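K.L.:
The structure follows.
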Amino acid sequence: MEKIRLGFAMCGSFCTFAEVIPQMEILKTLGYDITPIMSGAAYFTDSRFGPAEGFRREVEQICGKEIIHTIPASEPIGPKGLLDLLVIAPCTGNTLSKLANGITDTPVTMAAKAHLRNDRPVLLAIASNDALAAGAVSIAQLLNRKNIFFVPFGQDDPMKKCTSCIADFSLLPVSVEKALEKKQIQPLLI
């Protein structure tokens with residue numbers, strides 16, 4: 001039996017990497033063949049959460065593959081039918097907006113566009129400080145889009161960051177299973 005091929009794309013919500021990377025490792029342990037993809041921000045930016053090189057090394061070690069981090073390298077995902085499912089975790093508000101508006105100017109958005117052309121699912125695990133503000137329109141558009149699914153999400157700090165939402169990253173494995181069936185895990189809002 002062939003392994004299910006996941007693309008695992010990471011955007012620049014650096015504060016969530018410590019939660020997301022262990023989920024990637026769980027998915028690998030479950031037997032998925034994972035191709036790592038990173039936005040330019042995720043691939044190159046050193047932040048207070050750690051150096052980019054350390055995150056890159058950890059991700060490549062888990063996946064056993066080099067990270068796709070350029071637009072030309074992510075474009076063949078569609079024509080070659082390289083993935084069964086594309087996971088974007090964390091998916092920032094910036095990436096949500098670009099996906100909702102058909103903008104393909106990063107390796108992650110190009111991977112999504114290329115993958116969606118094959119009528120295959122994309123799973124979004126959002127991490128956005130403005131999800132209930134400027135990002136709400138993008139979320140609404142994507143909820144209505146064919147082959148787009150979400151990891152259940154909710155407010156992460158309603159008192160101090162009232163428009164901020166984050167996915168429950170621990171639900172990534174079950175969300176992956178459902179998205180492969182082209183079903184949305186419920187409840188969507190937590």
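Labels used: A, B, ... for chains in the order of the structure tokens, numbers from 1 for residues in each chain, and numbers from 1 for ligands as shown.
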Give the strand (DSSP E or B) residues of segment 52-129 of chain A, as DSSP finds them on the backbone, and put them as number ranges by chain.
P.N.:
A: 68, 85-91, 122-128
K.L.:
Would you list the contacts of Gly78 of chain A as a PyMOL selection string, taking every protein, DNA or RNA residue within 8 Å and counting only C-alpha atoms, but skipping same-chain residues closer than 3 positions in sequence?
P.N.:
chain A and resi 75+81-82+111+113-118
K.L.:
Sorted by chain and rising residue number, which residues of segment 82-158 of chain A lie within 12 Å of segment 36-55 of chain A, and what are their closest atom pairs and distances in Å to one decimal, counting only C-alpha atoms, as a tab-separated table?
P.N.:
residue	atom	partner	partner_atom	distance
A:Leu83	CA	A:Pro36	CA	11.2
A:Leu86	CA	A:Ile37	CA	9.7
A:Val87	CA	A:Ile37	CA	9.6
A:Ile88	CA	A:Ile37	CA	8.9
A:Ala89	CA	A:Met38	CA	9.9
A:Pro90	CA	A:Ala42	CA	9.9
A:Cys91	CA	A:Ser39	CA	10.2
A:Thr92	CA	A:Ser39	CA	10.5
A:Asn94	CA	A:Ser39	CA	11.1
A:Thr95	CA	A:Ser39	CA	9.4
A:Thr104	CA	A:Ser39	CA	11.3
A:Asp105	CA	A:Ser39	CA	9.7
A:Thr106	CA	A:Ser39	CA	6.0
A:Pro107	CA	A:Ser39	CA	5.5
A:Val108	CA	A:Ser39	CA	5.6
A:Thr109	CA	A:Ser39	CA	8.4
A:Met110	CA	A:Ser39	CA	10.0
A:Ala111	CA	A:Ile37	CA	8.2
A:Ala112	CA	A:Ile37	CA	10.6
K.L.:
Would you mind exporting the chosen residues as a short mmCIF file (atom, residue, chain, number, x, y, z; two decimals), in the first residue's frame, restricted to C-alpha atoms?
P.N.:
data_model
loop_
_atom_site.label_atom_id
_atom_site.label_comp_id
_atom_site.auth_asym_id
_atom_site.auth_seq_id
_atom_site.Cartn_x
_atom_site.Cartn_y
_atom_site.Cartn_z
CA LEU A 83 0.47 15.48 -3.09
CA LEU A 86 -1.71 20.04 1.40
CA VAL A 87 -1.66 21.14 5.04
CA ILE A 88 -0.89 24.79 5.80
CA ALA A 89 0.03 25.06 9.48
CA PRO A 90 0.40 27.66 10.75
CA CYS A 91 -1.64 29.58 8.20
CA THR A 92 -1.27 33.30 8.87
CA ASN A 94 -1.63 37.17 5.32
CA THR A 95 -1.72 33.74 3.68
CA THR A 104 0.30 33.28 -5.57
CA ASP A 105 3.40 35.22 -4.60
CA THR A 106 4.92 32.84 -2.02
CA PRO A 107 5.98 29.19 -2.13
CA VAL A 108 3.01 28.32 0.11
CA THR A 109 0.35 30.08 -1.97
CA MET A 110 1.85 28.68 -5.18
CA ALA A 111 1.79 25.18 -3.67
CA ALA A 112 -1.90 25.67 -2.77
#
K.L.:
Would you mind telling me which residue in A:Val176, A:Val59, A:Ile190, A:Ile68 lies nearest to Ala18 of chain A when using only C-alpha atoms?
P.N.:
A:Val59
K.L.:
Can you list, as number ranges by chain, every protein, DNA or RNA residue that comes within 10 Å of Ile126 of chain A when you count only C-alpha atoms, leaving out same-chain residues fewer than 3 positions away?
P.N.:
A: 11, 13, 88-93, 95-96, 123, 129, 131, 139, 150-154, 164-169
K.L.:
When distances are computed from only C-alpha atoms, which of A:Ser175, A:Gln186, A:Thr35, A:Gln23 shows the smallest separation from Leu6 of chain A?
P.N.:
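Comparing A:Ser175, A:Gln186, A:Thr35, A:Gln23 against Leu6 of chain A, the winner is A:Thr35.
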K.L.:
Hey, what does DSSP flag as alpha helix (DSSP H) within segment 5-189 of chain A? Can you give it to me as a VMD selection string?
P.N.:
chain A and resid 17 to 29 40 to 44 52 to 63 71 to 74 93 to 100 107 to 116 135 to 143 172 to 180
K.L.:
So what do you get for atom CA of Asp119 of chain A versus atom CA of Arg145 of chain A, distance-wise?
P.N.:
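For atom CA of Asp119 of chain A relative to atom CA of Arg145 of chain A, the distance reads 11.6 Å.
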K.L.:
Give me, please, the distance in Å between atom CA of Lys178 of chain A and atom CA of Leu27 of chain A, quoted to one decimal.
P.N.:
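Pair atom CA of Lys178 of chain A / atom CA of Leu27 of chain A returns 13.7 Å.
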K.L.:
From the list A:Gly12, A:Gly31, A:Pro187, A:Gly135, which residue is nearest Ala100 of chain A when using only C-alpha atoms?
P.N.:
A:Gly135
